[in-house]
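Asks: Contents are PDB, C-alpha atoms; file name query-v9.pdb:
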ATOM      1  CA  MET A   1      -0.929 -11.360   5.631  1.00  0.00           C
ATOM      2  CA  GLU A   2      -3.344 -14.288   5.619  1.00  0.00           C
ATOM      3  CA  PRO A   3      -5.727 -14.602   2.628  1.00  0.00           C
ATOM      4  CA  ASP A   4      -8.776 -13.619   4.686  1.00  0.00           C
ATOM      5  CA  GLU A   5      -6.928 -10.566   6.021  1.00  0.00           C
ATOM      6  CA  ILE A   6      -6.018  -9.494   2.485  1.00  0.00           C
ATOM      7  CA  GLU A   7      -9.591  -9.939   1.283  1.00  0.00           C
ATOM      8  CA  SER A   8     -10.920  -7.911   4.208  1.00  0.00           C
ATOM      9  CA  ALA A   9      -8.353  -5.154   3.581  1.00  0.00           C
ATOM     10  CA  VAL A  10      -9.249  -4.997  -0.123  1.00  0.00           C
ATOM     11  CA  ARG A  11     -12.917  -4.628   0.747  1.00  0.00           C
ATOM     12  CA  THR A  12     -12.224  -1.864   3.253  1.00  0.00           C
ATOM     13  CA  GLN A  13      -9.906   0.008   0.897  1.00  0.00           C
ATOM     14  CA  ARG A  14     -12.442  -0.079  -1.933  1.00  0.00           C
ATOM     15  CA  LEU A  15     -15.125   1.354   0.324  1.00  0.00           C
ATOM     16  CA  ASN A  16     -12.796   3.975   1.814  1.00  0.00           C
ATOM     17  CA  LEU A  17     -11.592   5.121  -1.595  1.00  0.00           C
ATOM     18  CA  SER A  18     -15.164   5.284  -2.888  1.00  0.00           C
ATOM     19  CA  ASP A  19     -16.114   7.543   0.024  1.00  0.00           C
ATOM     20  CA  TYR A  20     -13.054   9.715  -0.663  1.00  0.00           C
ATOM     21  CA  LEU A  21     -13.949  10.027  -4.359  1.00  0.00           C
ATOM     22  CA  ASP A  22     -17.480  11.143  -3.487  1.00  0.00           C
ATOM     23  CA  GLY A  23     -15.931  14.399  -2.270  1.00  0.00           C
ATOM     24  CA  LEU A  24     -14.171  15.352  -5.525  1.00  0.00           C
ATOM     25  CA  ASP A  25     -15.475  18.112  -7.761  1.00  0.00           C
ATOM     26  CA  ASP A  26     -15.605  17.910 -11.554  1.00  0.00           C
ATOM     27  CA  SER A  27     -12.294  19.670 -12.102  1.00  0.00           C
ATOM     28  CA  GLU A  28     -10.434  17.339  -9.761  1.00  0.00           C
ATOM     29  CA  TRP A  29     -11.408  14.318 -11.845  1.00  0.00           C
ATOM     30  CA  THR A  30      -9.413  15.755 -14.758  1.00  0.00           C
ATOM     31  CA  VAL A  31      -6.186  16.315 -12.779  1.00  0.00           C
ATOM     32  CA  GLN A  32      -3.106  14.396 -13.921  1.00  0.00           C
ATOM     33  CA  SER A  33      -2.423  11.591 -11.453  1.00  0.00           C
ATOM     34  CA  LEU A  34       1.003  10.349 -10.371  1.00  0.00           C
ATOM     35  CA  CYS A  35       0.511   7.723 -13.088  1.00  0.00           C
ATOM     36  CA  SER A  36       1.855   9.591 -16.096  1.00  0.00           C
ATOM     37  CA  ALA A  37      -0.535   7.843 -18.483  1.00  0.00           C
ATOM     38  CA  TRP A  38      -3.736   8.599 -16.577  1.00  0.00           C
ATOM     39  CA  THR A  39      -5.888  11.345 -15.089  1.00  0.00           C
ATOM     40  CA  VAL A  40      -7.658  10.781 -11.770  1.00  0.00           C
ATOM     41  CA  ARG A  41     -10.719   9.630 -13.692  1.00  0.00           C
ATOM     42  CA  GLU A  42      -8.717   7.067 -15.660  1.00  0.00           C
ATOM     43  CA  VAL A  43      -7.063   5.697 -12.511  1.00  0.00           C
ATOM     44  CA  VAL A  44     -10.505   5.078 -11.023  1.00  0.00           C
ATOM     45  CA  ALA A  45     -11.663   3.469 -14.262  1.00  0.00           C
ATOM     46  CA  HIS A  46      -8.652   1.141 -14.053  1.00  0.00           C
ATOM     47  CA  LEU A  47      -9.563   0.139 -10.502  1.00  0.00           C
ATOM     48  CA  THR A  48     -13.088  -0.823 -11.579  1.00  0.00           C
ATOM     49  CA  LEU A  49     -11.689  -3.297 -14.117  1.00  0.00           C
ATOM     50  CA  THR A  50     -10.118  -5.603 -11.527  1.00  0.00           C
ATOM     51  CA  THR A  51     -13.327  -7.536 -10.892  1.00  0.00           C
ATOM     52  CA  ARG A  52     -14.844  -7.047 -14.357  1.00  0.00           C
ATOM     53  CA  ALA A  53     -12.235  -7.879 -16.996  1.00  0.00           C
ATOM     54  CA  THR A  54     -13.069 -11.258 -18.523  1.00  0.00           C
ATOM     55  CA  ILE A  55     -10.558 -13.543 -20.231  1.00  0.00           C
ATOM     56  CA  PRO A  56     -11.988 -12.900 -23.751  1.00  0.00           C
ATOM     57  CA  PHE A  57     -11.923  -9.142 -23.095  1.00  0.00           C
ATOM     58  CA  ILE A  58      -8.290  -9.270 -21.971  1.00  0.00           C
ATOM     59  CA  ILE A  59      -7.250 -11.405 -24.944  1.00  0.00           C
ATOM     60  CA  THR A  60      -8.956  -9.020 -27.371  1.00  0.00           C
ATOM     61  CA  SER A  61      -7.418  -6.006 -25.650  1.00  0.00           C
ATOM     62  CA  ALA A  62      -3.952  -7.595 -25.705  1.00  0.00           C
ATOM     63  CA  ILE A  63      -4.216  -8.227 -29.439  1.00  0.00           C
ATOM     64  CA  LYS A  64      -5.248  -4.627 -30.041  1.00  0.00           C
ATOM     65  CA  ALA A  65      -2.290  -3.470 -27.911  1.00  0.00           C
ATOM     66  CA  ARG A  66       0.048  -5.664 -29.994  1.00  0.00           C
ATOM     67  CA  GLY A  67       1.068  -7.678 -26.953  1.00  0.00           C
ATOM     68  CA  SER A  68       2.113  -4.730 -24.766  1.00  0.00           C
ATOM     69  CA  PHE A  69       0.685  -5.182 -21.256  1.00  0.00           C
ATOM     70  CA  ASP A  70       1.237  -1.529 -20.337  1.00  0.00           C
ATOM     71  CA  ARG A  71      -0.364  -0.272 -23.528  1.00  0.00           C
ATOM     72  CA  MET A  72      -3.301  -2.654 -23.014  1.00  0.00           C
ATOM     73  CA  GLU A  73      -3.931  -1.450 -19.450  1.00  0.00           C
ATOM     74  CA  GLU A  74      -3.639   2.208 -20.431  1.00  0.00           C
ATOM     75  CA  LYS A  75      -6.153   1.854 -23.261  1.00  0.00           C
ATOM     76  CA  MET A  76      -8.639  -0.224 -21.261  1.00  0.00           C
ATOM     77  CA  ALA A  77      -8.718   2.416 -18.526  1.00  0.00           C
ATOM     78  CA  ARG A  78      -9.089   5.331 -20.960  1.00  0.00           C
ATOM     79  CA  ASP A  79     -11.867   3.573 -22.859  1.00  0.00           C
ATOM     80  CA  ARG A  80     -13.755   2.803 -19.669  1.00  0.00           C
ATOM     81  CA  ALA A  81     -13.304   6.357 -18.408  1.00  0.00           C
ATOM     82  CA  THR A  82     -15.109   7.665 -21.488  1.00  0.00           C
ATOM     83  CA  ARG A  83     -17.960   5.139 -21.241  1.00  0.00           C
ATOM     84  CA  PHE A  84     -19.090   5.932 -17.715  1.00  0.00           C
ATOM     85  CA  THR A  85     -19.787   9.032 -15.653  1.00  0.00           C
ATOM     86  CA  THR A  86     -17.743   9.713 -12.546  1.00  0.00           C
ATOM     87  CA  THR A  87     -20.748   8.779 -10.412  1.00  0.00           C
ATOM     88  CA  GLU A  88     -21.048   5.456 -12.202  1.00  0.00           C
ATOM     89  CA  LEU A  89     -17.335   4.737 -11.792  1.00  0.00           C
ATOM     90  CA  VAL A  90     -17.491   5.385  -8.051  1.00  0.00           C
ATOM     91  CA  GLU A  91     -20.536   3.154  -7.697  1.00  0.00           C
ATOM     92  CA  GLN A  92     -18.786   0.402  -9.658  1.00  0.00           C
ATOM     93  CA  LEU A  93     -15.779   0.622  -7.344  1.00  0.00           C
ATOM     94  CA  ARG A  94     -18.055   0.519  -4.305  1.00  0.00           C
ATOM     95  CA  GLU A  95     -19.979  -2.465  -5.693  1.00  0.00           C
ATOM     96  CA  SER A  96     -16.728  -4.360  -6.265  1.00  0.00           C
ATOM     97  CA  ALA A  97     -15.958  -4.289  -2.533  1.00  0.00           C
ATOM     98  CA  ASP A  98     -17.830  -7.541  -2.020  1.00  0.00           C
ATOM     99  CA  SER A  99     -16.259  -9.298  -5.008  1.00  0.00           C
ATOM    100  CA  SER A 100     -13.322 -11.685  -4.675  1.00  0.00           C
ATOM    101  CA  ARG A 101     -12.707 -11.769  -8.431  1.00  0.00           C
ATOM    102  CA  ARG A 102      -9.255 -10.759  -9.633  1.00  0.00           C
ATOM    103  CA  THR A 103      -7.685  -9.993 -12.977  1.00  0.00           C
ATOM    104  CA  VAL A 104      -6.451 -13.156 -14.681  1.00  0.00           C
ATOM    105  CA  GLY A 105      -2.922 -14.031 -13.578  1.00  0.00           C
ATOM    106  CA  SER A 106      -2.929 -11.758 -10.523  1.00  0.00           C
ATOM    107  CA  GLY A 107      -2.396 -12.873  -6.932  1.00  0.00           C
ATOM    108  CA  PRO A 108      -4.311 -11.994  -3.748  1.00  0.00           C
ATOM    109  CA  MET A 109      -1.981  -9.071  -2.914  1.00  0.00           C
ATOM    110  CA  ASP A 110      -2.248  -7.393  -6.321  1.00  0.00           C
ATOM    111  CA  PRO A 111      -5.656  -5.741  -5.794  1.00  0.00           C
ATOM    112  CA  LEU A 112      -4.518  -4.413  -2.409  1.00  0.00           C
ATOM    113  CA  VAL A 113      -1.286  -2.988  -3.831  1.00  0.00           C
ATOM    114  CA  ASP A 114      -3.288  -1.412  -6.653  1.00  0.00           C
ATOM    115  CA  LEU A 115      -5.648   0.279  -4.211  1.00  0.00           C
ATOM    116  CA  LEU A 116      -2.898   1.552  -1.918  1.00  0.00           C
ATOM    117  CA  VAL A 117      -0.639   2.922  -4.643  1.00  0.00           C
ATOM    118  CA  HIS A 118      -3.382   4.263  -6.890  1.00  0.00           C
ATOM    119  CA  GLY A 119      -5.068   5.868  -3.893  1.00  0.00           C
ATOM    120  CA  GLN A 120      -1.968   8.033  -3.525  1.00  0.00           C
ATOM    121  CA  ASP A 121      -1.715   8.487  -7.306  1.00  0.00           C
ATOM    122  CA  ILE A 122      -5.050  10.240  -6.943  1.00  0.00           C
ATOM    123  CA  ALA A 123      -4.668  12.007  -3.606  1.00  0.00           C
ATOM    124  CA  ARG A 124      -1.221  13.557  -3.789  1.00  0.00           C
ATOM    125  CA  PRO A 125      -1.707  15.650  -6.957  1.00  0.00           C
ATOM    126  CA  LEU A 126      -5.015  16.874  -5.495  1.00  0.00           C
ATOM    127  CA  ALA A 127      -3.334  17.820  -2.195  1.00  0.00           C
ATOM    128  CA  ARG A 128      -6.209  16.048  -0.469  1.00  0.00           C
ATOM    129  CA  PRO A 129      -4.824  13.782   2.275  1.00  0.00           C
ATOM    130  CA  TYR A 130      -5.804  10.133   2.016  1.00  0.00           C
ATOM    131  CA  GLU A 131      -4.493   7.850   4.741  1.00  0.00           C
ATOM    132  CA  MET A 132      -2.489   4.734   3.948  1.00  0.00           C
ATOM    133  CA  ARG A 133      -2.368   2.437   6.956  1.00  0.00           C
ATOM    134  CA  PRO A 134       1.231   1.380   7.822  1.00  0.00           C
ATOM    135  CA  ASP A 135       0.036  -2.142   8.683  1.00  0.00           C
ATOM    136  CA  LEU A 136      -1.080  -2.469   5.050  1.00  0.00           C
ATOM    137  CA  ALA A 137       1.758  -0.474   3.506  1.00  0.00           C
ATOM    138  CA  LEU A 138       4.426  -2.773   4.972  1.00  0.00           C
ATOM    139  CA  PRO A 139       3.171  -6.086   3.524  1.00  0.00           C
ATOM    140  CA  ALA A 140       2.477  -4.310   0.235  1.00  0.00           C
ATOM    141  CA  LEU A 141       6.053  -2.993   0.217  1.00  0.00           C
ATOM    142  CA  ALA A 142       7.443  -6.445   1.038  1.00  0.00           C
ATOM    143  CA  TYR A 143       5.443  -7.774  -1.924  1.00  0.00           C
ATOM    144  CA  VAL A 144       6.401  -5.081  -4.450  1.00  0.00           C
ATOM    145  CA  ALA A 145      10.130  -4.701  -3.697  1.00  0.00           C
ATOM    146  CA  PRO A 146      11.170  -8.190  -4.955  1.00  0.00           C
ATOM    147  CA  ASN A 147       8.412  -8.517  -7.567  1.00  0.00           C
ATOM    148  CA  ARG A 148       9.926  -8.509 -11.066  1.00  0.00           C
ATOM    149  CA  PHE A 149       6.552  -8.223 -12.793  1.00  0.00           C
ATOM    150  CA  LEU A 150       5.822  -5.031 -10.826  1.00  0.00           C
ATOM    151  CA  GLY A 151       9.337  -3.700 -11.485  1.00  0.00           C
ATOM    152  CA  GLY A 152      10.432  -3.536  -7.858  1.00  0.00           C
ATOM    153  CA  PRO A 153      13.935  -5.026  -8.260  1.00  0.00           C
ATOM    154  CA  LYS A 154      14.976  -2.674 -11.057  1.00  0.00           C
ATOM    155  CA  ARG A 155      14.211   0.229  -8.743  1.00  0.00           C
ATOM    156  CA  VAL A 156      15.407  -0.901  -5.310  1.00  0.00           C
ATOM    157  CA  ALA A 157      17.888  -3.758  -5.868  1.00  0.00           C
ATOM    158  CA  GLY A 158      21.217  -3.049  -4.142  1.00  0.00           C
ATOM    159  CA  LEU A 159      19.581  -0.675  -1.668  1.00  0.00           C
ATOM    160  CA  GLU A 160      18.526  -1.163   1.929  1.00  0.00           C
ATOM    161  CA  LEU A 161      14.994   0.075   2.549  1.00  0.00           C
ATOM    162  CA  VAL A 162      14.419   1.148   6.159  1.00  0.00           C
ATOM    163  CA  ALA A 163      10.963   2.067   7.435  1.00  0.00           C
ATOM    164  CA  THR A 164      10.913   4.982   9.868  1.00  0.00           C
ATOM    165  CA  ASP A 165       7.429   4.245  11.198  1.00  0.00           C
ATOM    166  CA  ALA A 166       7.907   0.524  11.909  1.00  0.00           C
ATOM    167  CA  GLU A 167      10.628  -1.951  12.797  1.00  0.00           C
ATOM    168  CA  TRP A 168      11.259  -3.119   9.246  1.00  0.00           C
ATOM    169  CA  SER A 169      14.109  -3.145   6.764  1.00  0.00           C
ATOM    170  CA  SER A 170      14.973  -5.105   3.646  1.00  0.00           C
ATOM    171  CA  GLY A 171      17.856  -5.404   1.207  1.00  0.00           C
ATOM    172  CA  GLU A 172      21.549  -4.591   1.386  1.00  0.00           C
ATOM    173  CA  GLY A 173      23.403  -1.500   0.246  1.00  0.00           C
ATOM    174  CA  PRO A 174      23.094   2.257   0.719  1.00  0.00           C
ATOM    175  CA  GLU A 175      20.105   3.142   2.869  1.00  0.00           C
ATOM    176  CA  VAL A 176      16.833   4.664   1.751  1.00  0.00           C
ATOM    177  CA  ARG A 177      14.787   5.688   4.778  1.00  0.00           C
ATOM    178  CA  GLY A 178      11.166   6.748   4.875  1.00  0.00           C
ATOM    179  CA  THR A 179       7.689   5.803   6.026  1.00  0.00           C
ATOM    180  CA  ALA A 180       6.321   2.510   4.749  1.00  0.00           C
ATOM    181  CA  GLU A 181       3.969   4.515   2.536  1.00  0.00           C
ATOM    182  CA  ASN A 182       6.730   6.469   0.827  1.00  0.00           C
ATOM    183  CA  LEU A 183       8.974   3.425   0.472  1.00  0.00           C
ATOM    184  CA  LEU A 184       6.094   1.583  -1.180  1.00  0.00           C
ATOM    185  CA  LEU A 185       5.558   4.448  -3.592  1.00  0.00           C
ATOM    186  CA  VAL A 186       9.209   4.644  -4.667  1.00  0.00           C
ATOM    187  CA  ALA A 187       9.361   0.851  -5.005  1.00  0.00           C
ATOM    188  CA  ALA A 188       6.300   1.180  -7.257  1.00  0.00           C
ATOM    189  CA  GLY A 189       8.059   3.824  -9.365  1.00  0.00           C
ATOM    190  CA  ARG A 190       6.473   7.025  -8.069  1.00  0.00           C
ATOM    191  CA  SER A 191       9.168   9.699  -8.209  1.00  0.00           C
ATOM    192  CA  ALA A 192       6.898  12.133  -6.318  1.00  0.00           C
ATOM    193  CA  ALA A 193       7.764  10.234  -3.137  1.00  0.00           C
ATOM    194  CA  LEU A 194      11.505  10.857  -3.533  1.00  0.00           C
ATOM    195  CA  ALA A 195      11.163  14.152  -1.666  1.00  0.00           C
ATOM    196  CA  HIS A 196       9.981  12.198   1.375  1.00  0.00           C
ATOM    197  CA  VAL A 197      12.836   9.680   1.678  1.00  0.00           C
ATOM    198  CA  THR A 198      16.401  10.172   2.894  1.00  0.00           C
ATOM    199  CA  GLY A 199      19.696   8.320   3.014  1.00  0.00           C
ATOM    200  CA  ALA A 200      22.814   7.543   1.022  1.00  0.00           C
ATOM    201  CA  GLY A 201      20.852   5.490  -1.497  1.00  0.00           C
ATOM    202  CA  VAL A 202      18.468   8.237  -2.567  1.00  0.00           C
ATOM    203  CA  ASP A 203      20.696   9.512  -5.389  1.00  0.00           C
ATOM    204  CA  ARG A 204      20.888   6.039  -6.932  1.00  0.00           C
ATOM    205  CA  LEU A 205      17.145   5.562  -6.512  1.00  0.00           C
ATOM    206  CA  THR A 206      16.503   8.956  -8.106  1.00  0.00           C
ATOM    207  CA  GLU A 207      18.624   8.050 -11.135  1.00  0.00           C
ATOM    208  CA  ARG A 208      16.662   4.844 -11.621  1.00  0.00           C
ATOM    209  CA  LEU A 209      13.240   6.442 -11.326  1.00  0.00           C
ATOM    210  CA  THR A 210      14.237   9.368 -13.542  1.00  0.00           C
ATOM    211  CA  ALA A 211      15.622   7.052 -16.214  1.00  0.00           C
ATOM    212  CA  ALA A 212      12.394   5.044 -16.190  1.00  0.00           C
TER     213      ALA A 212
END
For the file at hand, write its structure as structure tokens.

Replies:
Amino acid sequence: MEPDEIESAVRTQRLNLSDYLDGLDDSEWTVQSLCSAWTVREVVAHLTLTTRATIPFIITSAIKARGSFDRMEEKMARDRATRFTTTELVEQLRESADSSRRTVGSGPMDPLVDLLVHGQDIARPLARPYEMRPDLALPALAYVAPNRFLGGPKRVAGLELVATDAEWSSGEGPEVRGTAENLLLVAAGRSAALAHVTGAGVDRLTERLTAA
């Protein structure tokens, strides 16, 4: 994807997700998301940080987390979730649609991947369908699968990923077949998507995701 296409997709996804979140009731905000560390509310709080986390804030948060990136992100999201109402969080996400700011050290694709994956982290436990466009899922998958920082290789290395809703495949080894959406989710470590993929490589993939 070209930079302007990514920026446009990020804007659209932020607005679409904000509209989706407007329809949730109070109890749904407390549901455990596919992200084991976060509820739906905390996932949304995390998404509002992308355009708001300053360098001093990140440095301070990293020190408090004793250098653990995962621990830092988990705590920042939980803290923000307690500071703002659900209405405020949705409005912050909607307002960020027109911002091109990104978290320090992240690339243009990172906000889009975040929105696509976290959108399903929210929607699937709620059993409320939320569409992921295949034309966005495929470039996101191609970005995540080889990305060491995002953990893609430790999950899908030595496997051939084959999309069933597009002419796309990547990697060598036993096959894992599924829609671009479900392949993206397993590459991102979401074991809930394992039930929606098939092939000789699924057992190996399951072992990796379960061990993680």

Asks: For the provided coordinates, the residues matched by the PyMOL selection byres ((chain A and resi 148-163) around 7) should be stated as a PyMOL selection string.

Replies: chain A and resi 144-147+164-180+187-188+201+205+208-209

Asks: Store the residues of this selection in a file with C-alpha atoms, as a PDB file, in the coordinates of the input.

Replies:
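selection.pdb was written with the following content:
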ATOM      1  CA  VAL A 144       6.401  -5.081  -4.450  1.00  0.00           C
ATOM      2  CA  ALA A 145      10.130  -4.701  -3.697  1.00  0.00           C
ATOM      3  CA  PRO A 146      11.170  -8.190  -4.955  1.00  0.00           C
ATOM      4  CA  ASN A 147       8.412  -8.517  -7.567  1.00  0.00           C
ATOM      5  CA  THR A 164      10.913   4.982   9.868  1.00  0.00           C
ATOM      6  CA  ASP A 165       7.429   4.245  11.198  1.00  0.00           C
ATOM      7  CA  ALA A 166       7.907   0.524  11.909  1.00  0.00           C
ATOM      8  CA  GLU A 167      10.628  -1.951  12.797  1.00  0.00           C
ATOM      9  CA  TRP A 168      11.259  -3.119   9.246  1.00  0.00           C
ATOM     10  CA  SER A 169      14.109  -3.145   6.764  1.00  0.00           C
ATOM     11  CA  SER A 170      14.973  -5.105   3.646  1.00  0.00           C
ATOM     12  CA  GLY A 171      17.856  -5.404   1.207  1.00  0.00           C
ATOM     13  CA  GLU A 172      21.549  -4.591   1.386  1.00  0.00           C
ATOM     14  CA  GLY A 173      23.403  -1.500   0.246  1.00  0.00           C
ATOM     15  CA  PRO A 174      23.094   2.257   0.719  1.00  0.00           C
ATOM     16  CA  GLU A 175      20.105   3.142   2.869  1.00  0.00           C
ATOM     17  CA  VAL A 176      16.833   4.664   1.751  1.00  0.00           C
ATOM     18  CA  ARG A 177      14.787   5.688   4.778  1.00  0.00           C
ATOM     19  CA  GLY A 178      11.166   6.748   4.875  1.00  0.00           C
ATOM     20  CA  THR A 179       7.689   5.803   6.026  1.00  0.00           C
ATOM     21  CA  ALA A 180       6.321   2.510   4.749  1.00  0.00           C
ATOM     22  CA  ALA A 187       9.361   0.851  -5.005  1.00  0.00           C
ATOM     23  CA  ALA A 188       6.300   1.180  -7.257  1.00  0.00           C
ATOM     24  CA  GLY A 201      20.852   5.490  -1.497  1.00  0.00           C
ATOM     25  CA  LEU A 205      17.145   5.562  -6.512  1.00  0.00           C
ATOM     26  CA  ARG A 208      16.662   4.844 -11.621  1.00  0.00           C
ATOM     27  CA  LEU A 209      13.240   6.442 -11.326  1.00  0.00           C
TER      28      LEU A 209
END

Asks: Kindly indicate which residue among A:Ala137, A:Ala211, A:Ala81, A:Ala9 lies nearest to A:Gly189, using all atoms listed in the file for the distances.

Replies: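 Counting all atoms listed in the file, the residue closest to A:Gly189 is A:Ala211.
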
Asks: Using all atoms listed in the file, which residues sit within 10 Å of A:Gly119 once same-chain residues fewer than 4 positions away are excluded, as a PyMOL selection string?

Replies: chain A and resi 13-14+16-17+20-21+33-34+40+43-44+47+113-115+123-124+130-132

Asks: What does the PyMOL selection byres ((chain A and resi 103-109) around 10) select in this file, as a PyMOL selection string?

Replies: chain A and resi 1-4+6-7+9-10+49-55+58+100-102+110-114+139-140+143-144

Asks: Could you list, as a PDB file with C-alpha atoms, in the frame of the given file, every residue matched by the PyMOL selection byres ((chain A and resi 190) around 10) in this structure?

Replies:
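Result saved to part.pdb:
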ATOM      1  CA  LEU A  34       1.003  10.349 -10.371  1.00  0.00           C
ATOM      2  CA  CYS A  35       0.511   7.723 -13.088  1.00  0.00           C
ATOM      3  CA  SER A  36       1.855   9.591 -16.096  1.00  0.00           C
ATOM      4  CA  VAL A 117      -0.639   2.922  -4.643  1.00  0.00           C
ATOM      5  CA  GLN A 120      -1.968   8.033  -3.525  1.00  0.00           C
ATOM      6  CA  ASP A 121      -1.715   8.487  -7.306  1.00  0.00           C
ATOM      7  CA  ASN A 182       6.730   6.469   0.827  1.00  0.00           C
ATOM      8  CA  LEU A 183       8.974   3.425   0.472  1.00  0.00           C
ATOM      9  CA  LEU A 184       6.094   1.583  -1.180  1.00  0.00           C
ATOM     10  CA  LEU A 185       5.558   4.448  -3.592  1.00  0.00           C
ATOM     11  CA  VAL A 186       9.209   4.644  -4.667  1.00  0.00           C
ATOM     12  CA  ALA A 187       9.361   0.851  -5.005  1.00  0.00           C
ATOM     13  CA  ALA A 188       6.300   1.180  -7.257  1.00  0.00           C
ATOM     14  CA  GLY A 189       8.059   3.824  -9.365  1.00  0.00           C
ATOM     15  CA  SER A 191       9.168   9.699  -8.209  1.00  0.00           C
ATOM     16  CA  ALA A 192       6.898  12.133  -6.318  1.00  0.00           C
ATOM     17  CA  ALA A 193       7.764  10.234  -3.137  1.00  0.00           C
ATOM     18  CA  LEU A 194      11.505  10.857  -3.533  1.00  0.00           C
ATOM     19  CA  LEU A 209      13.240   6.442 -11.326  1.00  0.00           C
ATOM     20  CA  THR A 210      14.237   9.368 -13.542  1.00  0.00           C
TER      21      THR A 210
END

Asks: Which polymer residues have any atom within 12 Å of an atom of A:Asp25, counting all atoms listed in the file, with same-chain residues fewer than 4 positions away left out, as a ChimeraX atom specification?

Replies: /A:20-21,29-31,40-41,86-87,126,128

Asks: When you draw a straight line from atom CA of A:Thr85 to atom CA of A:Arg133, how long is it in Å?

Replies: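 Atom-to-atom, atom CA of A:Thr85 to atom CA of A:Arg133, that is 29.3 Å.
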
Asks: Work out where the centre of an axis-aligned box around every listed atom of stretch 148-167 of chain A lies and how long its edges are once 5 Å is added on each side; give both in Å to one decimal as AutoDock Vina command-line options.

Replies:
--center_x 13.5 --center_y -1.8 --center_z 0.0 --size_x 25.4 --size_y 23.5 --size_z 35.6
